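What follows is a short report on a single structure.
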Amino acid sequence: MRVNRARRFGAARLPLRASLPSPSHRVAAASNAVSCWYCDLKISAFNEPLFRFGRNHAAILKLWFSIGTGFGLTALVGVTLILIWQLFLRSNAQLSNLFSSLLFGFSPSLRISLSDAGYLFVSTLFSVSVHEFGHAVALASEGIQLEYIAVFLAVLFPGALVAFDHDLLQALPRLTALRVYCAGIWHNAVFCAVCGLLLFLKPVILFPFYIHAESPLVLDVAPASPLSEFLSPGDAIVSLDGVRIHDVQEWVEMTSLLDKKIRQNSSDLHYFKGFGTVDNRKGYCVPNALLEDSKKVQLADSQSICPNDLVAFVRIHCFDPGKLEDVGDEDGHRGRRENELCLNAKDIVKLEKCGEGLGTVMINGSRCICSQDESCLSPVQLPGLMWVEITYSRPYSTECLHLRSSLLDSNTSDAVEQNCGGTFVFVGDVISMAHSVQLTVYQPRWGIFLGEYLPNKLEKSLICTFHVSLTLALLNSLPVYFLDGESILEVTLSHFTSLSPRKMRKVLQICLVGGTFISVLAFLRIFFINFL
C-alpha cells in the first residue's frame with residue numbers, strides 16, 4: 001500500500017509526512033529540523049505569492065512547462081545513453097573529461113582553493129533555489145498549494161525542497177505530474193542559458209565602466225614570479241617581444257608560440273656545447289662607445305657566462321646570412337665567443353633595433369639599419385631559455401591619470417605608453433612566466449583599483465553557476481533513487497505503457513536499480529581517473 005506523503009525535490013527525496021489533517025499538525029510539521037548532520041529552515045511566507053502568480057499566469061506557465069517536459073524526457077534518455085556508452089561500449093577521453101567537468105561543476109584536474117569553495121557553495125545555493133522555484137511555480141499553475149519551502153544543509157552540502165500534498169498531484173493527469181517533475185530540470189537548463197548569455201554579453205554590459213581588450217591588466221603577481229621585480233597589480237602589458245597584446249588569450253598564445261620556437265631551436269646545430277645561439281631576427285644597434293666599456297664573456301664548464309646581471313651579446317655584421325652559417329661547428333663557436341660581450345640588458349632594450357623583418361635596407365647584400373658608429377648585437381640564448389621583451393604601462397599611476405585627462409587627441413594611448421611605461425627583458429621559461437601572473441582583459445575607465453577585480457569575479461561566478469546548474473540538471477535527469485529522475489520515469493512508464501501496476505513496479509525497480517548502479521560506476525570511474 002502506497003503511503004501518502006509530501007514530495008521533496010533537490011538533492012534527495014525523503015518521506016516528509018502524511019496529508020495535512022489539522023492546523024495543529026500543520027504547525028508542528030513546519031517546525032525547523034536540527035541535528036548533527038542535517039538542519040533546515042522552513043519558509044511558508046512565499047506560499048501565497050507563488051500560488052497567486054501561478055494561478056494568474058496558468059495558461060502561459062503550462063505551455064512553458066510543457067516545453068520543459070520534452071526537455072526533461074530527452075535529458076533522461078540522453079544522459080542515460082551517454083553513461084552506458086562511456087562505461088560499456090566505447091570510452092572517449094574527451095567526452096569523459098567534459099562529462100566529468102559538468103558533473104562536478106569544475107575541472108577535476110584542478111585543485112579547489114578556499115575561494116573556489118565559496119564560489120561553489122553560493123552557486124549551489126542559487127542553482128538549487130532556481131530548481132525548486134521551478135517545481136513550486138509548476139505546482140501553483142496546476143492549482144496545488146505549497147506547504148512550505150525549506151532550505152537545508154546536509155553535512156556540508158546546501159540544498160532546498162518544496163513540500164506539498166502528494167495525493168492532489170496523483171489525482172491529476174499524468175502529463176500534469178510530468179510538467180511538475182520536469183520543471184526543476186527545465187529551470188536549471190534555462191538558468192545555464194542565462195549564465196551563458198550574460199558571459200557572452202559581458203563586454204557590452206560592462207562597456208560603460210570598463211575598457212575591454214585594449215591591454216591585459218595585471219591583477220596579481222606570484223611572490224616567486226620572475227616578473228614580480230618589474231610588474232605590480234594595476235600595470236597593463238602592452239606588447240610581448242614586439243607583438244601587441246590585447247587580451248589574456250593572446251598573451252597565452254604568444255608565450256606558447258615563443259616556447260615552441262625555443263624548443264625547435266633547442267635541436268638546432270646552433271646550440272653547441274652550451275655556447276648558446278644567436279636569434280637572427282632580433283638585434284640592437286649598440287654605440288661603439290658603449291662596447292668599449294663592456295666586459296668579455298667568461299667560459300665555465302663549457303658555458304658562456306657573464307658576471308653579475310649582465311647578458312651575453314654577440315656582434316653580427318648587419319645580419320649577413322653568410323656570417324651566421326659558420327656557427328655550427330666548434331671553430332665557429334670559438335670565433336664567435338671572441339666577439340661575445342657582456343652588457344646590461346636594461347640599457348640595450350632602449351636602443352634602436354636591427355635585424356630581418358624590420359623593414360631594413362640592403363647594404364652590400366646584408367640587412368642593416370645601424371649607423372657607422374654603431375654595431376648590431378644579438379643576445380645569446382642558452383638552450384631552453386628565451387629572451388623576451390615585455391613592454392608595459394602604468395595607466396592608473398598619478399602621472400598617467402593626469403596625462404589621460406590632459407590629452408584628448410588620437411595619440412593618447414601612444415603618449416601614455418611612452419611616458420607611463422617601460423620595457424624590460426625576461427630570460428627564462430616563458431610558460432612558467434605566463435602562468436605566474438594573473439591578468440584580466442578589463443580596464444576600469446576610472447582609476448578605481450578595487451573595480452579591476454569585479455569583472456573577473458563576476459565571470460568566475462557566472463561560470464561556476466553555469467556548471468553547477470548544469471550539474472544539477474544532469475543529476476536529476478538520471479533514473480536513480482531519490483532524485484527527480486525516479487518520479488519522471490515512474491510517471492512516464494504509467495502513462496506510455498499498458499502494464500499492470502505489479503509489472504510496472506517491477507520494471508520501475510529494475511530500471512532504478514540499473515540506473516543507480518550505472519551512475520555510481522560512472523562517478524567512481526571519474527573519481528579514480530581524475531583524483532587518484
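Letters for chains follow the order of the C-alpha cells (A, B, ...), residue numbers begin at 1 for each chain, and ligand numbers begin at 1 in the order shown.
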
For this session: Within region 42-270 of chain A, find each residue whose DSSP state, derived from the backbone, is strand (DSSP E or B), and express the selection as JSON, numbers by chain.
Result: {"A": [42, 43, 146, 147, 148, 149, 150, 151, 152, 153, 154, 157, 158, 159, 160, 161, 162, 163, 164, 210, 211, 212, 213, 214, 215, 216, 217, 218, 219, 220, 221, 236, 237, 238, 239, 240, 243, 244]}

For this session: Quick one: everything within 12 Å of region 40-44 of chain A, counting only C-alpha atoms, minus sequence neighbours fewer than 3 positions away in the same chain. Send it as a PyMOL selection string.
Result: chain A and resi 26-37+47-51+136+145-155+157-164

Please write the residues from the selection above to a file, keeping N, CA, C and O atoms, as a compact mmCIF listing (two decimals), in the first residue's frame.
```
# COMPACT_ATOMS: atom_id res chain seq x y z
N ARG A 26 -0.20 20.84 11.18
CA ARG A 26 0.47 21.63 10.18
C ARG A 26 1.56 22.48 10.81
O ARG A 26 2.67 22.60 10.29
N VAL A 27 1.30 23.06 11.95
CA VAL A 27 2.29 23.89 12.62
C VAL A 27 3.47 23.04 13.07
O VAL A 27 4.64 23.43 12.94
N ALA A 28 3.19 21.86 13.59
CA ALA A 28 4.27 21.00 14.06
C ALA A 28 5.14 20.54 12.91
O ALA A 28 6.35 20.42 13.02
N ALA A 29 4.49 20.27 11.76
CA ALA A 29 5.25 19.77 10.63
C ALA A 29 6.15 20.82 10.05
O ALA A 29 7.17 20.52 9.46
N ALA A 30 5.77 22.08 10.20
CA ALA A 30 6.55 23.16 9.61
C ALA A 30 7.68 23.62 10.51
O ALA A 30 8.37 24.57 10.18
N SER A 31 7.88 22.98 11.66
CA SER A 31 8.96 23.38 12.54
C SER A 31 10.30 23.00 11.92
O SER A 31 10.42 22.00 11.21
N ASN A 32 11.31 23.78 12.21
CA ASN A 32 12.63 23.56 11.65
C ASN A 32 13.29 22.34 12.29
O ASN A 32 13.09 22.04 13.47
N ALA A 33 14.08 21.62 11.48
CA ALA A 33 14.77 20.42 11.95
C ALA A 33 16.24 20.72 12.15
O ALA A 33 16.87 21.37 11.31
N VAL A 34 16.79 20.27 13.26
CA VAL A 34 18.21 20.48 13.56
C VAL A 34 18.78 19.18 14.11
O VAL A 34 18.21 18.58 15.03
N SER A 35 19.89 18.72 13.53
CA SER A 35 20.59 17.54 14.03
C SER A 35 22.07 17.73 13.76
O SER A 35 22.49 18.76 13.24
N CYS A 36 22.86 16.72 14.11
CA CYS A 36 24.31 16.85 13.96
C CYS A 36 24.74 16.83 12.50
O CYS A 36 25.83 17.30 12.18
N TRP A 37 23.93 16.28 11.60
CA TRP A 37 24.31 16.22 10.20
C TRP A 37 23.33 16.94 9.28
O TRP A 37 23.62 17.10 8.09
N ASN A 47 4.32 31.08 0.10
CA ASN A 47 3.28 30.19 -0.41
C ASN A 47 2.20 30.94 -1.18
O ASN A 47 1.87 30.60 -2.33
N GLU A 48 1.60 31.95 -0.55
CA GLU A 48 0.51 32.68 -1.19
C GLU A 48 0.96 33.48 -2.42
O GLU A 48 0.31 33.44 -3.46
N PRO A 49 2.09 34.23 -2.37
CA PRO A 49 2.54 34.94 -3.58
C PRO A 49 2.80 34.01 -4.75
O PRO A 49 2.43 34.32 -5.89
N LEU A 50 3.46 32.86 -4.50
CA LEU A 50 3.72 31.91 -5.57
C LEU A 50 2.43 31.31 -6.11
O LEU A 50 2.29 31.12 -7.33
N PHE A 51 1.49 31.03 -5.23
CA PHE A 51 0.23 30.43 -5.68
C PHE A 51 -0.55 31.42 -6.54
O PHE A 51 -1.10 31.05 -7.59
N ALA A 136 7.93 24.75 -7.61
CA ALA A 136 6.90 25.48 -6.88
C ALA A 136 5.94 26.19 -7.83
O ALA A 136 4.71 26.14 -7.64
N GLN A 145 -1.51 23.89 -3.74
CA GLN A 145 -0.94 24.80 -2.76
C GLN A 145 0.31 24.19 -2.13
O GLN A 145 0.34 22.99 -1.83
N LEU A 146 1.33 25.02 -1.93
CA LEU A 146 2.54 24.57 -1.26
C LEU A 146 2.30 24.49 0.25
O LEU A 146 1.50 25.25 0.81
N GLU A 147 3.02 23.58 0.90
CA GLU A 147 3.00 23.54 2.35
C GLU A 147 4.10 24.46 2.91
O GLU A 147 3.86 25.28 3.78
N TYR A 148 5.30 24.30 2.37
CA TYR A 148 6.39 25.20 2.75
C TYR A 148 7.56 24.98 1.77
O TYR A 148 7.61 24.00 1.03
N ILE A 149 8.49 25.90 1.82
CA ILE A 149 9.76 25.78 1.11
C ILE A 149 10.85 25.72 2.17
O ILE A 149 10.85 26.51 3.11
N ALA A 150 11.77 24.78 2.02
CA ALA A 150 12.82 24.59 3.02
C ALA A 150 14.19 24.71 2.37
O ALA A 150 14.42 24.19 1.27
N VAL A 151 15.06 25.42 3.05
CA VAL A 151 16.48 25.47 2.69
C VAL A 151 17.23 24.67 3.73
O VAL A 151 17.07 24.90 4.93
N PHE A 152 18.04 23.68 3.29
CA PHE A 152 18.68 22.81 4.26
C PHE A 152 20.18 22.71 4.00
O PHE A 152 20.69 23.07 2.93
N LEU A 153 20.87 22.21 5.01
CA LEU A 153 22.30 21.95 4.93
C LEU A 153 22.52 20.54 5.44
O LEU A 153 22.38 20.26 6.63
N ALA A 154 22.84 19.62 4.52
CA ALA A 154 23.10 18.23 4.87
C ALA A 154 24.61 18.01 4.87
O ALA A 154 25.25 18.09 3.81
N VAL A 155 25.17 17.75 6.03
CA VAL A 155 26.62 17.69 6.23
C VAL A 155 27.20 19.05 5.85
O VAL A 155 27.08 20.01 6.59
N PHE A 157 26.67 20.19 2.44
CA PHE A 157 26.09 20.46 1.14
C PHE A 157 24.76 21.20 1.30
O PHE A 157 23.86 20.72 1.96
N PRO A 158 24.64 22.37 0.66
CA PRO A 158 23.38 23.11 0.73
C PRO A 158 22.35 22.53 -0.22
O PRO A 158 22.69 21.88 -1.21
N GLY A 159 21.09 22.78 0.06
CA GLY A 159 20.02 22.32 -0.81
C GLY A 159 18.71 23.00 -0.46
O GLY A 159 18.65 23.86 0.42
N ALA A 160 17.67 22.63 -1.18
CA ALA A 160 16.34 23.19 -0.94
C ALA A 160 15.29 22.17 -1.35
O ALA A 160 15.59 21.22 -2.09
N LEU A 161 14.08 22.32 -0.85
CA LEU A 161 12.99 21.41 -1.19
C LEU A 161 11.66 22.15 -1.08
O LEU A 161 11.57 23.19 -0.41
N VAL A 162 10.67 21.61 -1.76
CA VAL A 162 9.30 22.10 -1.62
C VAL A 162 8.43 20.94 -1.11
O VAL A 162 8.60 19.80 -1.53
N ALA A 163 7.53 21.25 -0.19
CA ALA A 163 6.65 20.24 0.38
C ALA A 163 5.21 20.56 -0.01
O ALA A 163 4.80 21.71 0.00
N PHE A 164 4.46 19.51 -0.39
CA PHE A 164 3.07 19.68 -0.82
C PHE A 164 2.34 18.36 -0.59
O PHE A 164 2.95 17.34 -0.25
```

Excluding region 214-221 of chain A and residues on its chain fewer than 5 positions from it, collect all residues at most 12 Å away from it, counting only C-alpha atoms, and give them as a JSON list (two decimals) with N, CA, C and O atoms, in the first residue's frame.
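And here is the file that came out, result02.json:
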```json
[["chain", "number", "residue", "atom", "x", "y", "z"],
["A", 203, "PRO", "N", 31.14, 41.94, -22.13],
["A", 203, "PRO", "CA", 31.82, 43.15, -22.59],
["A", 203, "PRO", "C", 30.87, 44.30, -22.90],
["A", 203, "PRO", "O", 31.19, 45.46, -22.65],
["A", 226, "PRO", "N", 59.20, 35.56, -11.65],
["A", 226, "PRO", "CA", 60.31, 36.38, -12.14],
["A", 226, "PRO", "C", 59.87, 37.77, -12.58],
["A", 226, "PRO", "O", 60.71, 38.64, -12.78],
["A", 227, "LEU", "N", 58.56, 37.97, -12.74],
["A", 227, "LEU", "CA", 58.04, 39.28, -13.15],
["A", 227, "LEU", "C", 57.75, 40.20, -11.97],
["A", 227, "LEU", "O", 57.41, 41.37, -12.17],
["A", 228, "SER", "N", 57.84, 39.67, -10.74],
["A", 228, "SER", "CA", 57.50, 40.48, -9.57],
["A", 228, "SER", "C", 58.43, 41.68, -9.41],
["A", 228, "SER", "O", 58.05, 42.67, -8.78],
["A", 229, "GLU", "N", 59.62, 41.59, -9.97],
["A", 229, "GLU", "CA", 60.56, 42.71, -9.89],
["A", 229, "GLU", "C", 60.15, 43.87, -10.77],
["A", 229, "GLU", "O", 60.52, 45.02, -10.52],
["A", 230, "PHE", "N", 59.35, 43.58, -11.82],
["A", 230, "PHE", "CA", 59.04, 44.61, -12.81],
["A", 230, "PHE", "C", 57.57, 45.01, -12.80],
["A", 230, "PHE", "O", 57.24, 46.18, -13.02],
["A", 231, "LEU", "N", 56.66, 44.04, -12.59],
["A", 231, "LEU", "CA", 55.23, 44.31, -12.69],
["A", 231, "LEU", "C", 54.59, 44.29, -11.31],
["A", 231, "LEU", "O", 55.04, 43.60, -10.40],
["A", 232, "SER", "N", 53.50, 45.04, -11.18],
["A", 232, "SER", "CA", 52.73, 45.09, -9.95],
["A", 232, "SER", "C", 51.25, 45.20, -10.33],
["A", 232, "SER", "O", 50.92, 45.57, -11.46],
["A", 233, "PRO", "N", 50.34, 44.87, -9.41],
["A", 233, "PRO", "CA", 48.91, 44.99, -9.72],
["A", 233, "PRO", "C", 48.54, 46.39, -10.19],
["A", 233, "PRO", "O", 48.95, 47.39, -9.60],
["A", 234, "GLY", "N", 47.78, 46.45, -11.29],
["A", 234, "GLY", "CA", 47.40, 47.72, -11.88],
["A", 234, "GLY", "C", 48.18, 48.06, -13.13],
["A", 234, "GLY", "O", 47.78, 48.96, -13.88],
["A", 235, "ASP", "N", 49.28, 47.33, -13.40],
["A", 235, "ASP", "CA", 50.04, 47.55, -14.63],
["A", 235, "ASP", "C", 49.34, 46.87, -15.80],
["A", 235, "ASP", "O", 48.64, 45.88, -15.63],
["A", 236, "ALA", "N", 49.56, 47.40, -16.99],
["A", 236, "ALA", "CA", 48.99, 46.83, -18.22],
["A", 236, "ALA", "C", 50.12, 46.36, -19.11],
["A", 236, "ALA", "O", 51.10, 47.08, -19.34],
["A", 237, "ILE", "N", 50.00, 45.14, -19.63],
["A", 237, "ILE", "CA", 51.00, 44.59, -20.55],
["A", 237, "ILE", "C", 50.66, 45.05, -21.96],
["A", 237, "ILE", "O", 49.58, 44.75, -22.48],
["A", 238, "VAL", "N", 51.56, 45.79, -22.58],
["A", 238, "VAL", "CA", 51.32, 46.39, -23.89],
["A", 238, "VAL", "C", 51.74, 45.46, -25.02],
["A", 238, "VAL", "O", 50.99, 45.23, -25.97],
["A", 239, "SER", "N", 52.94, 44.89, -24.94],
["A", 239, "SER", "CA", 53.43, 44.03, -26.01],
["A", 239, "SER", "C", 54.37, 42.98, -25.45],
["A", 239, "SER", "O", 54.94, 43.14, -24.37],
["A", 240, "LEU", "N", 54.49, 41.91, -26.20],
["A", 240, "LEU", "CA", 55.38, 40.81, -25.85],
["A", 240, "LEU", "C", 56.27, 40.52, -27.05],
["A", 240, "LEU", "O", 55.79, 40.09, -28.10],
["A", 243, "VAL", "N", 55.18, 42.27, -30.21],
["A", 243, "VAL", "CA", 53.84, 41.96, -30.72],
["A", 243, "VAL", "C", 52.81, 42.53, -29.75],
["A", 243, "VAL", "O", 52.85, 42.24, -28.55],
["A", 244, "ARG", "N", 51.90, 43.32, -30.27],
["A", 244, "ARG", "CA", 50.87, 43.95, -29.43],
["A", 244, "ARG", "C", 49.97, 42.89, -28.82],
["A", 244, "ARG", "O", 49.49, 41.97, -29.49],
["A", 245, "ILE", "N", 49.73, 42.99, -27.51],
["A", 245, "ILE", "CA", 48.87, 42.06, -26.78],
["A", 245, "ILE", "C", 47.60, 42.80, -26.37],
["A", 245, "ILE", "O", 47.66, 43.84, -25.72],
["A", 246, "HIS", "N", 46.44, 42.23, -26.74],
["A", 246, "HIS", "CA", 45.16, 42.88, -26.44],
["A", 246, "HIS", "C", 44.39, 42.19, -25.32],
["A", 246, "HIS", "O", 43.62, 42.85, -24.62],
["A", 247, "ASP", "N", 44.55, 40.88, -25.17],
["A", 247, "ASP", "CA", 43.78, 40.18, -24.14],
["A", 247, "ASP", "C", 44.59, 39.02, -23.59],
["A", 247, "ASP", "O", 45.73, 38.76, -24.01],
["A", 248, "VAL", "N", 44.01, 38.33, -22.64],
["A", 248, "VAL", "CA", 44.69, 37.24, -21.96],
["A", 248, "VAL", "C", 44.96, 36.08, -22.91],
["A", 248, "VAL", "O", 46.01, 35.43, -22.85],
["A", 249, "GLN", "N", 44.02, 35.82, -23.83],
["A", 249, "GLN", "CA", 44.19, 34.73, -24.78],
["A", 249, "GLN", "C", 45.40, 34.96, -25.67],
["A", 249, "GLN", "O", 46.18, 34.03, -25.94],
["A", 250, "GLU", "N", 45.59, 36.19, -26.13],
["A", 250, "GLU", "CA", 46.76, 36.50, -26.95],
["A", 250, "GLU", "C", 48.05, 36.36, -26.14],
["A", 250, "GLU", "O", 49.08, 35.93, -26.68],
["A", 251, "TRP", "N", 48.01, 36.71, -24.87],
["A", 251, "TRP", "CA", 49.17, 36.54, -24.00],
["A", 251, "TRP", "C", 49.57, 35.07, -23.90],
["A", 251, "TRP", "O", 50.74, 34.72, -24.02],
["A", 252, "VAL", "N", 48.59, 34.19, -23.70],
["A", 252, "VAL", "CA", 48.86, 32.76, -23.59],
["A", 252, "VAL", "C", 49.34, 32.20, -24.92],
["A", 252, "VAL", "O", 50.30, 31.42, -24.98],
["A", 391, "THR", "N", 56.83, 44.96, -22.83],
["A", 391, "THR", "CA", 56.54, 46.39, -22.69],
["A", 391, "THR", "C", 55.26, 46.54, -21.87],
["A", 391, "THR", "O", 54.27, 45.85, -22.12],
["A", 392, "TYR", "N", 55.29, 47.43, -20.91],
["A", 392, "TYR", "CA", 54.16, 47.60, -20.01],
["A", 392, "TYR", "C", 53.88, 49.08, -19.81],
["A", 392, "TYR", "O", 54.70, 49.95, -20.15],
["A", 393, "SER", "N", 52.71, 49.37, -19.27],
["A", 393, "SER", "CA", 52.35, 50.74, -18.90],
["A", 393, "SER", "C", 51.70, 50.73, -17.53],
["A", 393, "SER", "O", 51.25, 49.68, -17.06],
["A", 394, "ARG", "N", 51.66, 51.89, -16.91],
["A", 394, "ARG", "CA", 51.03, 52.03, -15.59],
["A", 394, "ARG", "C", 49.91, 53.07, -15.72],
["A", 394, "ARG", "O", 50.08, 54.23, -15.34],
["A", 395, "PRO", "N", 48.76, 52.64, -16.26],
["A", 395, "PRO", "CA", 47.70, 53.60, -16.58],
["A", 395, "PRO", "C", 47.04, 54.25, -15.38],
["A", 395, "PRO", "O", 46.38, 55.27, -15.53],
["A", 396, "TYR", "N", 47.20, 53.67, -14.18],
["A", 396, "TYR", "CA", 46.50, 54.21, -13.02],
["A", 396, "TYR", "C", 47.44, 54.89, -12.03],
["A", 396, "TYR", "O", 47.05, 55.19, -10.91],
["A", 413, "SER", "N", 46.91, 57.08, -26.35],
["A", 413, "SER", "CA", 47.43, 55.81, -25.87],
["A", 413, "SER", "C", 48.93, 55.69, -26.10],
["A", 413, "SER", "O", 49.66, 55.17, -25.25],
["A", 417, "GLU", "N", 51.86, 55.29, -23.23],
["A", 417, "GLU", "CA", 52.84, 54.22, -23.23],
["A", 417, "GLU", "C", 54.25, 54.77, -23.06],
["A", 417, "GLU", "O", 55.08, 54.23, -22.34],
["A", 433, "MET", "N", 56.55, 31.75, -16.78],
["A", 433, "MET", "CA", 56.40, 33.19, -16.63],
["A", 433, "MET", "C", 54.95, 33.62, -16.88],
["A", 433, "MET", "O", 54.38, 34.40, -16.12],
["A", 434, "ALA", "N", 54.35, 33.06, -17.93],
["A", 434, "ALA", "CA", 52.99, 33.46, -18.30],
["A", 434, "ALA", "C", 51.99, 33.08, -17.23],
["A", 434, "ALA", "O", 51.02, 33.81, -16.99],
["A", 435, "HIS", "N", 52.20, 31.94, -16.57],
["A", 435, "HIS", "CA", 51.25, 31.47, -15.56],
["A", 435, "HIS", "C", 51.53, 32.03, -14.17],
["A", 435, "HIS", "O", 50.78, 31.73, -13.23],
["A", 436, "SER", "N", 52.59, 32.80, -14.03],
["A", 436, "SER", "CA", 52.92, 33.37, -12.72],
["A", 436, "SER", "C", 52.25, 34.70, -12.48],
["A", 436, "SER", "O", 52.43, 35.30, -11.41],
["A", 437, "VAL", "N", 51.46, 35.17, -13.44],
["A", 437, "VAL", "CA", 50.80, 36.46, -13.31],
["A", 437, "VAL", "C", 49.32, 36.29, -13.65],
["A", 437, "VAL", "O", 48.97, 35.56, -14.58],
["A", 438, "GLN", "N", 48.45, 36.92, -12.88],
["A", 438, "GLN", "CA", 47.01, 36.87, -13.11],
["A", 438, "GLN", "C", 46.58, 38.13, -13.84],
["A", 438, "GLN", "O", 46.87, 39.24, -13.40],
["A", 439, "LEU", "N", 45.89, 37.93, -14.98],
["A", 439, "LEU", "CA", 45.54, 39.05, -15.85],
["A", 439, "LEU", "C", 44.04, 39.12, -16.04],
["A", 439, "LEU", "O", 43.31, 38.15, -15.83],
["A", 440, "THR", "N", 43.57, 40.29, -16.47],
["A", 440, "THR", "CA", 42.18, 40.49, -16.87],
["A", 440, "THR", "C", 42.15, 41.35, -18.13],
["A", 440, "THR", "O", 43.06, 42.16, -18.36],
["A", 441, "VAL", "N", 41.13, 41.15, -18.94],
["A", 441, "VAL", "CA", 41.02, 41.92, -20.19],
["A", 441, "VAL", "C", 40.28, 43.24, -19.98],
["A", 441, "VAL", "O", 40.10, 44.00, -20.93],
["A", 442, "TYR", "N", 39.84, 43.50, -18.75],
["A", 442, "TYR", "CA", 39.05, 44.70, -18.46],
["A", 442, "TYR", "C", 39.89, 45.73, -17.71],
["A", 442, "TYR", "O", 40.56, 45.38, -16.73],
["A", 443, "GLN", "N", 39.83, 46.96, -18.18],
["A", 443, "GLN", "CA", 40.48, 48.08, -17.51],
["A", 443, "GLN", "C", 39.41, 49.09, -17.09],
["A", 443, "GLN", "O", 38.60, 49.52, -17.93],
["A", 444, "PRO", "N", 39.35, 49.45, -15.82],
["A", 444, "PRO", "CA", 38.35, 50.44, -15.38],
["A", 444, "PRO", "C", 38.54, 51.77, -16.11],
["A", 444, "PRO", "O", 39.67, 52.22, -16.32],
["A", 445, "ARG", "N", 37.43, 52.37, -16.52],
["A", 445, "ARG", "CA", 37.51, 53.68, -17.17],
["A", 445, "ARG", "C", 37.89, 54.76, -16.17],
["A", 445, "ARG", "O", 38.38, 55.81, -16.55],
["A", 449, "PHE", "N", 40.85, 51.03, -8.09],
["A", 449, "PHE", "CA", 41.62, 49.79, -8.10],
["A", 449, "PHE", "C", 40.75, 48.57, -7.79],
["A", 449, "PHE", "O", 40.88, 47.54, -8.42],
["A", 450, "LEU", "N", 39.85, 48.69, -6.83],
["A", 450, "LEU", "CA", 39.01, 47.54, -6.48],
["A", 450, "LEU", "C", 38.13, 47.13, -7.64],
["A", 450, "LEU", "O", 37.72, 45.99, -7.75],
["A", 451, "GLY", "N", 37.80, 48.09, -8.52],
["A", 451, "GLY", "CA", 36.97, 47.77, -9.66],
["A", 451, "GLY", "C", 37.64, 46.86, -10.66],
["A", 451, "GLY", "O", 36.98, 46.26, -11.50],
["A", 452, "GLU", "N", 38.97, 46.72, -10.58],
["A", 452, "GLU", "CA", 39.68, 45.85, -11.50],
["A", 452, "GLU", "C", 39.31, 44.39, -11.28],
["A", 452, "GLU", "O", 39.36, 43.58, -12.21],
["A", 453, "TYR", "N", 38.97, 44.03, -10.06],
["A", 453, "TYR", "CA", 38.68, 42.64, -9.73],
["A", 453, "TYR", "C", 37.24, 42.24, -10.04],
["A", 453, "TYR", "O", 36.94, 41.05, -10.13],
["A", 454, "LEU", "N", 36.36, 43.20, -10.17],
["A", 454, "LEU", "CA", 34.93, 42.90, -10.33],
["A", 454, "LEU", "C", 34.63, 42.07, -11.57],
["A", 454, "LEU", "O", 33.90, 41.07, -11.47],
["A", 455, "PRO", "N", 35.13, 42.41, -12.79],
["A", 455, "PRO", "CA", 34.81, 41.58, -13.95],
["A", 455, "PRO", "C", 35.25, 40.13, -13.81],
["A", 455, "PRO", "O", 34.52, 39.22, -14.20],
["A", 456, "ASN", "N", 36.45, 39.91, -13.26],
["A", 456, "ASN", "CA", 36.92, 38.53, -13.10],
["A", 456, "ASN", "C", 36.07, 37.76, -12.10],
["A", 456, "ASN", "O", 35.76, 36.58, -12.30],
["A", 457, "LYS", "N", 35.69, 38.42, -11.01],
["A", 457, "LYS", "CA", 34.85, 37.76, -10.01],
["A", 457, "LYS", "C", 33.46, 37.46, -10.59],
["A", 457, "LYS", "O", 32.88, 36.41, -10.32]]
```

Problem set entry | Non-local contacts of region 168-182 of chain A (9 Å; only C-alpha atoms; under 2 positions in same chain excluded) as JSON, numbers by chain | {"A": [9, 62, 65, 66, 67, 68, 69, 70, 71, 72, 73, 134, 135, 136, 137, 138, 139, 142, 144, 164, 165, 166, 184, 185, 186, 187, 477, 484, 485, 487, 488, 491, 492, 494, 495]}

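Reported to one decimal place, the separation of CA of Trp387 (chain A) from CA of Arg315 (chain A) is 16.5 Å.
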